[in-house]
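The file input.cif comes next; it holds mmCIF, C-alpha atoms and all ligand atoms.
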```cif
data_my_file
loop_
_atom_site.group_PDB
_atom_site.id
_atom_site.type_symbol
_atom_site.label_atom_id
_atom_site.label_comp_id
_atom_site.auth_asym_id
_atom_site.auth_seq_id
_atom_site.Cartn_x
_atom_site.Cartn_y
_atom_site.Cartn_z
ATOM 1 C CA MET A 1 3.007 -11.526 15.170
ATOM 2 C CA LYS A 2 1.738 -7.996 15.817
ATOM 3 C CA ILE A 3 1.865 -5.182 13.286
ATOM 4 C CA ALA A 4 0.626 -1.619 13.826
ATOM 5 C CA VAL A 5 -0.031 0.845 11.029
ATOM 6 C CA LEU A 6 -0.391 4.579 11.508
ATOM 7 C CA GLY A 7 -1.637 6.201 8.333
ATOM 8 C CA SER A 8 -4.375 7.277 5.996
ATOM 9 C CA LEU A 9 -7.798 5.890 5.202
ATOM 10 C CA ASN A 10 -9.224 7.069 1.864
ATOM 11 C CA MET A 11 -12.243 6.188 -0.190
ATOM 12 C CA ASP A 12 -10.825 5.616 -3.703
ATOM 13 C CA LEU A 13 -12.968 6.806 -6.636
ATOM 14 C CA VAL A 14 -11.481 4.972 -9.578
ATOM 15 C CA MET A 15 -12.010 5.443 -13.303
ATOM 16 C CA GLU A 16 -10.472 3.222 -15.958
ATOM 17 C CA VAL A 17 -9.541 5.311 -18.974
ATOM 18 C CA GLU A 18 -8.450 4.476 -22.535
ATOM 19 C CA ARG A 19 -5.148 6.174 -21.736
ATOM 20 C CA LEU A 20 -3.913 8.551 -19.039
ATOM 21 C CA PRO A 21 -4.671 12.185 -20.071
ATOM 22 C CA ARG A 22 -2.130 14.977 -20.549
ATOM 23 C CA PRO A 23 -2.738 18.277 -18.667
ATOM 24 C CA GLY A 24 -5.829 20.018 -20.085
ATOM 25 C CA GLU A 25 -6.982 16.926 -21.985
ATOM 26 C CA THR A 26 -10.245 14.962 -21.581
ATOM 27 C CA VAL A 27 -10.233 11.228 -22.223
ATOM 28 C CA PRO A 28 -13.183 8.785 -22.221
ATOM 29 C CA GLY A 29 -13.655 6.490 -19.254
ATOM 30 C CA ARG A 30 -14.342 2.754 -19.538
ATOM 31 C CA GLY A 31 -15.643 2.058 -16.069
ATOM 32 C CA PHE A 32 -16.020 3.596 -12.643
ATOM 33 C CA ALA A 33 -15.866 2.007 -9.179
ATOM 34 C CA ARG A 34 -15.387 2.884 -5.535
ATOM 35 C CA TYR A 35 -12.830 0.921 -3.484
ATOM 36 C CA PRO A 36 -11.483 1.161 0.066
ATOM 37 C CA GLY A 37 -7.986 2.666 0.010
ATOM 38 C CA GLY A 38 -5.514 4.987 1.644
ATOM 39 C CA LYS A 39 -1.947 3.840 2.148
ATOM 40 C CA GLY A 40 -2.372 3.180 5.878
ATOM 41 C CA ASN A 41 -5.619 1.276 5.439
ATOM 42 C CA ASN A 42 -4.200 -0.745 2.527
ATOM 43 C CA GLN A 43 -1.097 -1.701 4.480
ATOM 44 C CA ALA A 44 -3.124 -2.761 7.529
ATOM 45 C CA ILE A 45 -5.492 -4.877 5.400
ATOM 46 C CA ALA A 46 -2.558 -6.418 3.536
ATOM 47 C CA ALA A 47 -0.803 -7.296 6.804
ATOM 48 C CA ALA A 48 -3.990 -8.925 8.168
ATOM 49 C CA ARG A 49 -4.501 -10.945 4.956
ATOM 50 C CA LEU A 50 -0.887 -12.076 5.179
ATOM 51 C CA GLY A 51 -1.506 -13.496 8.637
ATOM 52 C CA ALA A 52 -0.529 -10.692 11.033
ATOM 53 C CA GLU A 53 -2.479 -9.397 13.998
ATOM 54 C CA ALA A 54 -2.911 -5.949 12.422
ATOM 55 C CA ARG A 55 -3.992 -2.797 14.214
ATOM 56 C CA LEU A 56 -4.723 0.427 12.330
ATOM 57 C CA PHE A 57 -4.399 3.958 13.724
ATOM 58 C CA GLY A 58 -5.588 7.094 11.962
ATOM 59 C CA ARG A 59 -8.569 9.405 11.597
ATOM 60 C CA VAL A 60 -11.721 9.483 9.455
ATOM 61 C CA GLY A 61 -14.704 11.843 9.378
ATOM 62 C CA GLN A 62 -18.077 11.075 10.914
ATOM 63 C CA ASP A 63 -19.552 10.279 7.497
ATOM 64 C CA ARG A 64 -20.621 7.386 5.280
ATOM 65 C CA TYR A 65 -17.194 6.877 3.694
ATOM 66 C CA GLY A 66 -15.588 6.685 7.134
ATOM 67 C CA GLU A 67 -18.119 4.104 8.334
ATOM 68 C CA GLU A 68 -17.714 2.009 5.184
ATOM 69 C CA LEU A 69 -13.914 2.062 5.384
ATOM 70 C CA LEU A 70 -13.931 0.908 8.994
ATOM 71 C CA GLU A 71 -16.443 -1.863 8.260
ATOM 72 C CA MET A 72 -14.354 -3.085 5.345
ATOM 73 C CA ALA A 73 -11.107 -3.043 7.343
ATOM 74 C CA GLN A 74 -12.777 -4.905 10.210
ATOM 75 C CA GLY A 75 -14.164 -7.426 7.721
ATOM 76 C CA ALA A 76 -10.574 -8.086 6.594
ATOM 77 C CA GLY A 77 -9.559 -8.786 10.193
ATOM 78 C CA VAL A 78 -7.997 -5.421 11.088
ATOM 79 C CA ASP A 79 -8.413 -4.041 14.605
ATOM 80 C CA THR A 80 -9.684 -0.497 13.983
ATOM 81 C CA SER A 81 -10.531 0.352 17.594
ATOM 82 C CA GLY A 82 -7.763 2.977 17.616
ATOM 83 C CA VAL A 83 -9.108 4.836 14.560
ATOM 84 C CA GLU A 84 -10.944 8.015 15.566
ATOM 85 C CA ALA A 85 -13.966 9.478 13.747
ATOM 86 C CA LEU A 86 -13.715 13.276 13.969
ATOM 87 C CA ALA A 87 -16.659 15.657 13.935
ATOM 88 C CA GLY A 88 -16.312 18.434 11.382
ATOM 89 C CA ALA A 89 -13.813 16.641 9.114
ATOM 90 C CA ALA A 90 -14.460 14.667 5.941
ATOM 91 C CA THR A 91 -13.010 11.220 5.370
ATOM 92 C CA GLY A 92 -10.044 11.273 2.961
ATOM 93 C CA VAL A 93 -10.838 10.724 -0.715
ATOM 94 C CA ALA A 94 -8.550 9.747 -3.599
ATOM 95 C CA LEU A 95 -9.337 10.257 -7.291
ATOM 96 C CA ILE A 96 -7.562 7.633 -9.355
ATOM 97 C CA LEU A 97 -7.270 7.224 -13.124
ATOM 98 C CA VAL A 98 -6.097 3.817 -14.323
ATOM 99 C CA GLY A 99 -4.683 3.404 -17.842
ATOM 100 C CA PRO A 100 -4.784 0.229 -19.988
ATOM 101 C CA ASP A 101 -1.388 -1.011 -18.780
ATOM 102 C CA GLY A 102 -2.457 -0.665 -15.137
ATOM 103 C CA GLN A 103 -0.466 2.547 -14.575
ATOM 104 C CA ASN A 104 -2.285 5.205 -12.563
ATOM 105 C CA MET A 105 -2.511 8.883 -11.622
ATOM 106 C CA ILE A 106 -3.703 9.749 -8.113
ATOM 107 C CA GLY A 107 -4.842 12.972 -6.458
ATOM 108 C CA TYR A 108 -6.134 12.890 -2.920
ATOM 109 C CA ALA A 109 -7.903 15.172 -0.441
ATOM 110 C CA PRO A 110 -6.534 14.237 3.014
ATOM 111 C CA GLY A 111 -9.537 15.453 5.043
ATOM 112 C CA ALA A 112 -9.391 13.792 8.478
ATOM 113 C CA ASN A 113 -6.012 12.184 7.633
ATOM 114 C CA GLY A 114 -4.581 15.707 7.794
ATOM 115 C CA ARG A 115 -5.844 16.007 11.368
ATOM 116 C CA VAL A 116 -3.636 13.223 12.752
ATOM 117 C CA ASP A 117 -1.639 15.282 15.245
ATOM 118 C CA GLU A 118 0.907 15.022 18.051
ATOM 119 C CA GLU A 119 -1.740 14.756 20.760
ATOM 120 C CA TYR A 120 -3.156 11.644 19.032
ATOM 121 C CA ALA A 121 0.364 10.257 18.466
ATOM 122 C CA GLN A 122 1.171 10.683 22.143
ATOM 123 C CA ARG A 123 -2.000 8.788 23.139
ATOM 124 C CA ILE A 124 -1.378 5.793 20.860
ATOM 125 C CA LEU A 125 2.335 5.427 21.748
ATOM 126 C CA PRO A 126 1.768 2.719 24.420
ATOM 127 C CA TRP A 127 0.156 0.442 21.797
ATOM 128 C CA LEU A 128 2.863 1.124 19.235
ATOM 129 C CA ARG A 129 5.528 0.100 21.737
ATOM 130 C CA GLU A 130 3.970 -3.367 22.011
ATOM 131 C CA VAL A 131 4.108 -4.486 18.403
ATOM 132 C CA ASP A 132 6.808 -6.237 16.368
ATOM 133 C CA VAL A 133 6.665 -3.909 13.364
ATOM 134 C CA LEU A 134 5.272 -0.394 12.877
ATOM 135 C CA LEU A 135 4.342 0.660 9.329
ATOM 136 C CA LEU A 136 4.284 4.381 8.478
ATOM 137 C CA GLN A 137 3.632 6.353 5.260
ATOM 138 C CA LEU A 138 3.336 10.068 4.479
ATOM 139 C CA GLU A 139 -0.366 10.718 3.848
ATOM 140 C CA VAL A 140 -0.589 12.067 7.405
ATOM 141 C CA PRO A 141 1.326 15.117 8.729
ATOM 142 C CA LEU A 142 4.994 14.715 9.677
ATOM 143 C CA PRO A 143 4.997 16.136 13.281
ATOM 144 C CA PRO A 144 3.122 13.159 14.824
ATOM 145 C CA LEU A 145 5.416 10.750 12.948
ATOM 146 C CA ALA A 146 8.483 12.616 14.243
ATOM 147 C CA LEU A 147 7.142 12.458 17.798
ATOM 148 C CA ILE A 148 6.586 8.709 17.546
ATOM 149 C CA LEU A 149 10.029 8.027 16.069
ATOM 150 C CA ARG A 150 11.645 10.058 18.877
ATOM 151 C CA ARG A 151 9.721 8.382 21.682
ATOM 152 C CA LEU A 152 9.851 4.719 20.628
ATOM 153 C CA PRO A 153 12.453 2.530 22.336
ATOM 154 C CA PRO A 154 15.593 2.267 20.143
ATOM 155 C CA ASP A 155 15.137 -1.317 18.914
ATOM 156 C CA ARG A 156 11.487 -2.311 19.137
ATOM 157 C CA PRO A 157 9.292 -2.171 17.175
ATOM 158 C CA LEU A 158 11.015 -2.433 13.835
ATOM 159 C CA VAL A 159 9.943 0.654 11.839
ATOM 160 C CA VAL A 160 9.206 0.475 8.104
ATOM 161 C CA LEU A 161 8.637 3.914 6.536
ATOM 162 C CA ASP A 162 7.128 4.212 3.065
ATOM 163 C CA PRO A 163 8.035 7.774 1.968
ATOM 164 C CA ALA A 164 4.905 8.121 -0.167
ATOM 165 C CA PRO A 165 3.795 10.600 -1.312
ATOM 166 C CA ALA A 166 7.338 11.980 -1.484
ATOM 167 C CA ARG A 167 8.172 14.851 0.857
ATOM 168 C CA ASP A 168 11.188 16.408 2.479
ATOM 169 C CA LEU A 169 12.059 14.003 5.288
ATOM 170 C CA SER A 170 14.374 16.337 7.204
ATOM 171 C CA PRO A 171 11.855 16.796 10.101
ATOM 172 C CA LEU A 172 12.021 13.033 10.777
ATOM 173 C CA PRO A 173 14.742 11.305 12.846
ATOM 174 C CA LEU A 174 15.626 8.807 10.106
ATOM 175 C CA ALA A 175 18.106 6.985 12.333
ATOM 176 C CA ARG A 176 15.058 5.397 14.029
ATOM 177 C CA VAL A 177 13.788 4.037 10.694
ATOM 178 C CA ASP A 178 14.809 0.415 10.130
ATOM 179 C CA TYR A 179 13.593 0.175 6.521
ATOM 180 C CA LEU A 180 12.949 3.115 4.188
ATOM 181 C CA THR A 181 11.162 1.961 1.018
ATOM 182 C CA PRO A 182 10.942 4.668 -1.685
ATOM 183 C CA ASN A 183 10.049 3.977 -5.281
ATOM 184 C CA ARG A 184 12.316 5.469 -7.941
ATOM 185 C CA GLU A 185 10.358 8.761 -8.153
ATOM 186 C CA GLU A 186 10.330 9.149 -4.370
ATOM 187 C CA LEU A 187 14.040 8.368 -4.208
ATOM 188 C CA ALA A 188 14.662 11.160 -6.724
ATOM 189 C CA VAL A 189 12.785 13.648 -4.523
ATOM 190 C CA LEU A 190 14.637 12.460 -1.414
ATOM 191 C CA ILE A 191 18.033 13.133 -2.985
ATOM 192 C CA GLY A 192 17.076 16.613 -4.167
ATOM 193 C CA GLY A 193 15.215 16.095 -7.430
ATOM 194 C CA ARG A 194 17.936 14.432 -9.504
ATOM 195 C CA ALA A 195 16.557 11.753 -11.888
ATOM 196 C CA VAL A 196 17.543 8.268 -10.750
ATOM 197 C CA ASP A 197 18.402 6.026 -13.681
ATOM 198 C CA GLN A 198 20.000 2.615 -13.364
ATOM 199 C CA GLY A 199 23.522 4.029 -13.152
ATOM 200 C CA GLU A 200 22.488 6.497 -10.451
ATOM 201 C CA LEU A 201 20.836 3.916 -8.204
ATOM 202 C CA VAL A 202 23.974 2.921 -6.329
ATOM 203 C CA ARG A 203 25.043 6.529 -5.705
ATOM 204 C CA ALA A 204 21.502 7.612 -4.709
ATOM 205 C CA GLY A 205 21.235 4.614 -2.366
ATOM 206 C CA GLN A 206 24.517 5.429 -0.650
ATOM 207 C CA GLU A 207 23.497 9.083 -0.330
ATOM 208 C CA LEU A 208 20.285 8.134 1.450
ATOM 209 C CA LEU A 209 21.990 5.594 3.682
ATOM 210 C CA SER A 210 24.250 8.388 4.888
ATOM 211 C CA THR A 211 21.186 10.109 6.430
ATOM 212 C CA GLY A 212 21.255 7.396 9.086
ATOM 213 C CA VAL A 213 18.404 5.172 7.844
ATOM 214 C CA ARG A 214 19.285 1.580 8.725
ATOM 215 C CA ASN A 215 18.195 -0.246 5.526
ATOM 216 C CA LEU A 216 17.086 1.082 2.165
ATOM 217 C CA VAL A 217 14.811 -0.893 -0.156
ATOM 218 C CA ILE A 218 14.019 0.722 -3.513
ATOM 219 C CA LYS A 219 10.778 -0.357 -5.206
ATOM 220 C CA ALA A 220 11.303 -0.247 -8.966
ATOM 221 C CA ASP A 221 8.030 -1.558 -10.496
ATOM 222 C CA ARG A 222 8.818 -3.712 -13.512
ATOM 223 C CA ASP A 223 12.502 -3.777 -12.544
ATOM 224 C CA GLY A 224 11.700 -5.375 -9.192
ATOM 225 C CA ALA A 225 13.311 -4.117 -6.002
ATOM 226 C CA TYR A 226 16.798 -3.199 -4.812
ATOM 227 C CA LEU A 227 18.383 -3.509 -1.400
ATOM 228 C CA ALA A 228 21.018 -0.804 -0.906
ATOM 229 C CA GLU A 229 23.679 -1.648 1.640
ATOM 230 C CA SER A 230 26.960 0.055 2.451
ATOM 231 C CA GLY A 231 28.768 -2.475 0.240
ATOM 232 C CA GLY A 232 26.535 -2.028 -2.825
ATOM 233 C CA VAL A 233 23.108 -2.743 -4.282
ATOM 234 C CA THR A 234 21.373 -6.118 -4.742
ATOM 235 C CA ARG A 235 18.568 -6.469 -7.290
ATOM 236 C CA PHE A 236 15.507 -8.675 -6.787
ATOM 237 C CA PRO A 237 13.881 -9.129 -10.234
ATOM 238 C CA ALA A 238 10.129 -8.544 -10.590
ATOM 239 C CA TYR A 239 7.672 -11.273 -11.569
ATOM 240 C CA ARG A 240 6.459 -10.759 -15.143
ATOM 241 C CA VAL A 241 2.727 -10.701 -14.456
ATOM 242 C CA GLN A 242 -0.012 -9.095 -16.555
ATOM 243 C CA ALA A 243 -0.837 -5.815 -14.745
ATOM 244 C CA VAL A 244 -4.432 -4.529 -14.755
ATOM 245 C CA ASP A 245 -4.108 -1.950 -11.929
ATOM 246 C CA THR A 246 -0.910 -1.049 -10.091
ATOM 247 C CA THR A 247 -2.733 0.799 -7.262
ATOM 248 C CA ALA A 248 -1.613 -0.433 -3.814
ATOM 249 C CA ALA A 249 1.244 -2.569 -5.166
ATOM 250 C CA GLY A 250 3.620 -0.521 -3.007
ATOM 251 C CA ASP A 251 1.339 -1.020 -0.004
ATOM 252 C CA ALA A 252 1.260 -4.786 -0.547
ATOM 253 C CA PHE A 253 5.056 -4.756 -0.831
ATOM 254 C CA ASN A 254 5.524 -2.871 2.451
ATOM 255 C CA ALA A 255 3.050 -4.986 4.385
ATOM 256 C CA ALA A 256 4.557 -8.227 3.084
ATOM 257 C CA LEU A 257 8.051 -6.997 3.937
ATOM 258 C CA ALA A 258 6.843 -6.187 7.458
ATOM 259 C CA VAL A 259 5.117 -9.549 7.943
ATOM 260 C CA SER A 260 8.148 -11.454 6.755
ATOM 261 C CA LEU A 261 10.544 -9.449 8.958
ATOM 262 C CA ALA A 262 8.193 -9.895 11.927
ATOM 263 C CA GLU A 263 8.371 -13.654 11.308
ATOM 264 C CA GLY A 264 12.130 -13.389 11.804
ATOM 265 C CA LYS A 265 13.132 -13.623 8.127
ATOM 266 C CA GLY A 266 16.149 -11.658 6.881
ATOM 267 C CA PRO A 267 15.881 -8.839 4.327
ATOM 268 C CA TYR A 268 16.675 -11.066 1.307
ATOM 269 C CA GLU A 269 13.851 -13.501 1.968
ATOM 270 C CA ALA A 270 11.493 -10.704 3.051
ATOM 271 C CA ILE A 271 12.063 -8.720 -0.165
ATOM 272 C CA GLY A 272 11.422 -11.846 -2.272
ATOM 273 C CA PHE A 273 8.115 -12.390 -0.468
ATOM 274 C CA ALA A 274 7.224 -8.685 -0.832
ATOM 275 C CA ASN A 275 7.923 -8.791 -4.584
ATOM 276 C CA ALA A 276 5.506 -11.706 -4.946
ATOM 277 C CA ALA A 277 2.757 -9.957 -2.923
ATOM 278 C CA ALA A 278 3.137 -6.814 -5.060
ATOM 279 C CA ALA A 279 3.052 -8.854 -8.280
ATOM 280 C CA LEU A 280 -0.242 -10.498 -7.325
ATOM 281 C CA THR A 281 -1.728 -7.125 -6.349
ATOM 282 C CA VAL A 282 -1.215 -5.610 -9.811
ATOM 283 C CA THR A 283 -3.140 -8.472 -11.433
ATOM 284 C CA ARG A 284 -6.364 -7.282 -9.728
ATOM 285 C CA LYS A 285 -8.431 -4.101 -9.711
ATOM 286 C CA GLY A 286 -8.664 -1.607 -6.847
ATOM 287 C CA ALA A 287 -6.576 -0.919 -3.762
ATOM 288 C CA ALA A 288 -7.535 -2.838 -0.609
ATOM 289 C CA SER A 289 -9.675 -5.163 -2.757
ATOM 290 C CA SER A 290 -6.594 -6.336 -4.688
ATOM 291 C CA LEU A 291 -4.408 -7.349 -1.739
ATOM 292 C CA PRO A 292 -3.511 -11.059 -1.556
ATOM 293 C CA THR A 293 -3.723 -13.515 1.333
ATOM 294 C CA LYS A 294 -0.730 -15.447 2.606
ATOM 295 C CA ALA A 295 -2.001 -18.659 0.953
ATOM 296 C CA GLU A 296 -2.278 -16.834 -2.389
ATOM 297 C CA VAL A 297 1.279 -15.497 -2.174
ATOM 298 C CA GLN A 298 2.593 -18.926 -1.209
ATOM 299 C CA ASP A 299 0.746 -20.522 -4.131
ATOM 300 C CA PHE A 300 2.126 -17.863 -6.476
ATOM 301 C CA LEU A 301 5.678 -18.489 -5.231
ATOM 302 C CA ARG A 302 5.259 -22.236 -5.811
ATOM 303 C CA HIS A 303 3.537 -21.996 -9.212
ATOM 304 C CA PRO A 304 4.246 -18.571 -10.813
ATOM 305 C CA TYR A 305 3.771 -20.122 -14.300
ATOM 306 C CA ARG A 306 0.040 -20.575 -13.584
ATOM 307 C CA TYR A 307 -0.496 -16.794 -13.635
ATOM 308 C CA PRO A 308 -0.874 -14.735 -16.838
ATOM 309 C CA THR A 309 2.470 -13.184 -17.745
ATOM 310 C CA ARG A 310 3.395 -10.115 -19.755
ATOM 311 C CA ASP A 311 5.806 -10.172 -22.705
HETATM 312 O O1 LIG B 401 -1.114 3.487 -2.361
HETATM 313 C C1 LIG B 401 -2.374 3.518 -2.968
HETATM 314 C C2 LIG B 401 -3.260 4.509 -2.272
HETATM 315 O O2 LIG B 401 -2.776 5.804 -2.495
HETATM 316 C C3 LIG B 401 -4.670 4.524 -2.793
HETATM 317 O O3 LIG B 401 -5.489 3.583 -2.156
HETATM 318 C C4 LIG B 401 -5.105 5.962 -2.590
HETATM 319 O O4 LIG B 401 -6.003 6.119 -1.546
HETATM 320 C C5 LIG B 401 -3.823 6.746 -2.344
HETATM 321 O O5 LIG B 401 -3.751 7.167 -1.090
#
```
Please, can you express the file's structure as C-alpha cells?
Ligand code: RIB
Amino acid sequence: MKIAVLGSLNMDLVMEVERLPRPGETVPGRGFARYPGGKGNNQAIAAARLGAEARLFGRVGQDRYGEELLEMAQGAGVDTSGVEALAGAATGVALILVGPDGQNMIGYAPGANGRVDEEYAQRILPWLREVDVLLLQLEVPLPPLALILRRLPPDRPLVVLDPAPARDLSPLPLARVDYLTPNREELAVLIGGRAVDQGELVRAGQELLSTGVRNLVIKADRDGAYLAESGGVTRFPAYRVQAVDTTAAGDAFNAALAVSLAEGKGPYEAIGFANAAAALTVTRKGAASSLPTKAEVQDFLRHPYRYPTRD
C-alpha cells in the first residue's frame, strides 16, 4: 500500500527537565539529546515502519541537519526523493522540553518548512494522485495544502489531516478531508476557543462535522480516542502504559490510522490499531526514534500485559 506525506522535517533538540517550567522560570535539565522529528517526517517514518511504501514531500535547508534528517528517513525505508533542499533556508528546528510524566512543551522554527509553496505543491500533485492515503499536518503553510485538496480527484487518495499545530482551517476545503484528527486542545481552537471537556465533546464534534469534513477522530491522550459521527461519539479507551515521552504519539496515531485504512480496514479497527501504535510510542524517548514497527504493534495488541503499565 502506498502512503504519501506532505509536511515538515525538523531536527528536535530535546531536554528532559525535572518539571515543565512556568513562564519566566528556569528549571534544571536531566539530559539532552538530538532526534529526527517534524510531524511530516515522523508520520512518513511511522508509516514505513508499519509496512507502507511511504514517500515524503517537503523542504529542508542545504545544511547538516537537513542531510542528517534525509539519511535517517531513508534508513527507515522512506522515499525522500521528492524532498527538496533549498539554498538560503535553514532546516526546521524544534526545541522540546520533556517533563517527568512524559508531557512536553514544543517551540519550533519552521525554516525551510515555511517555504513549501503552491509551485512545489503543483509539481508534486501527480505523485499524490497515485497513492492510497495522503497524510497532511499544519507545520507547512496552508496555501499549498489548499491547492492540493482542490486539485485531487474527489475520492482518491484518502486524505488524513492532522490539524497540528492548531490554526484557523477556513482557507482549506475541508469537504475533501476524509479524516480530521485534532487533539482536545486543537479541537478547542477549531471551534473558536471554547474549552472542550467531556460533556462538550459531542457538541464540538457535531459542530466540526458540519464544516463538511467526512470523519472526525479526536485524540484524547490518556482518555484514548473518539470517533465523532452524525449519530454520536464512540470512545476507544487508551492503553495504560508508562509514558516516558509523549512526543510524536499523535504522529504515530495518524500514520497507523492511515496504514490500517489503506489496508481496507474500517474506522473502528483502524482507530484501535492507531491507539496501540501511539501507546507504544510514549513508552520510548524522542520523536522518529520512538515510532514502532508493525510487528511491535501486533505483539503489543496480543500481549499488552507484558508492557509496563501506569496506575
Ligand atoms: O509531533 C511531534 C513533532 O512536533 C516533533 O518531532 C517536533 O519536531 C514538532 O514538530
Which residues fall under the PyMOL selection byres (((not hetatm)) within 10 of (chain B and resi 401)) in this file, as an NGL selection string? :A and (7-14 or 35-43 or 92-96 or 104-110 or 137-139 or 162 or 164-165 or 246-252 or 286-289)
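The smallest atom-to-atom distance between Val17 (chain A) and any of A:Val131, A:Ala278, A:Leu97, A:Ala85, using all atoms listed in the file, is found for A:Leu97.
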Find the residues near Tyr65 (chain A): any atom within 7 Å, counting all atoms listed in the file, skip ones fewer than 2 places away on the same chain, and give them as a ChimeraX atom specification. /A:11,63,67-69,91
How would you write, as a ChimeraX atom specification, the residues chosen by the PyMOL selection byres (((chain A and resi 197-210) around 12) and not hetatm) on this structure? /A:169-170,174-175,177-196,211-220,223,225-235
Pick out the closest residue to Leu134 (chain A) from this set: A:Phe236, A:Pro100, A:Lys2, A:Phe253. Count only C-alpha atoms.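 When distances to Leu134 (chain A) are compared using only C-alpha atoms, the smallest one comes from A:Lys2.
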A straight line from CA of Gly266 (chain A) to CA of Pro163 (chain A) spans 21.6 Å
Mind giving me the straight-line distance from CA of Arg151 (chain A) to CA of Gly58 (chain A) in Å, one decimal?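 Atom-to-atom, CA of Arg151 (chain A) to CA of Gly58 (chain A), that is 18.2 Å.
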Let me know the centre plus edge lengths, in Å and rounded to one decimal, of a box with edges along x, y and z that contains all listed atoms of region 159-172 of chain A and is padded by 8 Å on every side, as lines of an AutoDock Vina configuration file.
```
center_x = 9.1
center_y = 8.6
center_z = 5.2
size_x = 26.6
size_y = 32.3
size_z = 29.3
```
For CA of Arg19 (chain A) and CA of Thr281 (chain A), the interatomic separation in Å (one decimal):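 Atom-to-atom, CA of Arg19 (chain A) to CA of Thr281 (chain A), that is 20.6 Å.
Those residues that approach Gly29 (chain A) to within 7 Å, counting only C-alpha atoms, are Met15, Glu16, Val17 and Glu18 of chain A; same-chain residues fewer than 3 positions away are not listed.
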From the list A:Arg55, A:Lys285, A:Arg306, A:Arg176, which residue is nearest Pro157 (chain A) when using only C-alpha atoms?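 Between A:Arg55, A:Lys285, A:Arg306, A:Arg176, the residue approaching Pro157 (chain A) most closely is A:Arg176.
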Starting from the shown file, work through the PyMOL selection byres (((chain A and resi 279) around 8) and not hetatm) and note down what comes out as a PyMOL selection string. chain A and resi 238-241+249+275-278+280-283
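Residue neighbourhood of Gln74 (chain A), excluding near-sequence residues (fewer than 3 positions): Pro36, Asn41, Ala44, Ile45, Ala48, Arg49, Glu53, Ala54, Arg55, Leu56, Glu67, Glu68, Leu69, Leu70, Glu71, Gly77, Val78, Asp79, Thr80, Ser81, Gly82 and Val83 of chain A, at 12 Å, using only C-alpha atoms.
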Please produce a file of the residues just selected, as a PDB file, in the frame of the given file, where the atoms kept are C-alpha atoms.
```pdb
ATOM      1  CA  PRO A  36     -11.483   1.161   0.066  1.00  0.00           C
ATOM      2  CA  ASN A  41      -5.619   1.276   5.439  1.00  0.00           C
ATOM      3  CA  ALA A  44      -3.124  -2.761   7.529  1.00  0.00           C
ATOM      4  CA  ILE A  45      -5.492  -4.877   5.400  1.00  0.00           C
ATOM      5  CA  ALA A  48      -3.990  -8.925   8.168  1.00  0.00           C
ATOM      6  CA  ARG A  49      -4.501 -10.945   4.956  1.00  0.00           C
ATOM      7  CA  GLU A  53      -2.479  -9.397  13.998  1.00  0.00           C
ATOM      8  CA  ALA A  54      -2.911  -5.949  12.422  1.00  0.00           C
ATOM      9  CA  ARG A  55      -3.992  -2.797  14.214  1.00  0.00           C
ATOM     10  CA  LEU A  56      -4.723   0.427  12.330  1.00  0.00           C
ATOM     11  CA  GLU A  67     -18.119   4.104   8.334  1.00  0.00           C
ATOM     12  CA  GLU A  68     -17.714   2.009   5.184  1.00  0.00           C
ATOM     13  CA  LEU A  69     -13.914   2.062   5.384  1.00  0.00           C
ATOM     14  CA  LEU A  70     -13.931   0.908   8.994  1.00  0.00           C
ATOM     15  CA  GLU A  71     -16.443  -1.863   8.260  1.00  0.00           C
ATOM     16  CA  GLY A  77      -9.559  -8.786  10.193  1.00  0.00           C
ATOM     17  CA  VAL A  78      -7.997  -5.421  11.088  1.00  0.00           C
ATOM     18  CA  ASP A  79      -8.413  -4.041  14.605  1.00  0.00           C
ATOM     19  CA  THR A  80      -9.684  -0.497  13.983  1.00  0.00           C
ATOM     20  CA  SER A  81     -10.531   0.352  17.594  1.00  0.00           C
ATOM     21  CA  GLY A  82      -7.763   2.977  17.616  1.00  0.00           C
ATOM     22  CA  VAL A  83      -9.108   4.836  14.560  1.00  0.00           C
TER      23      VAL A  83
END
```
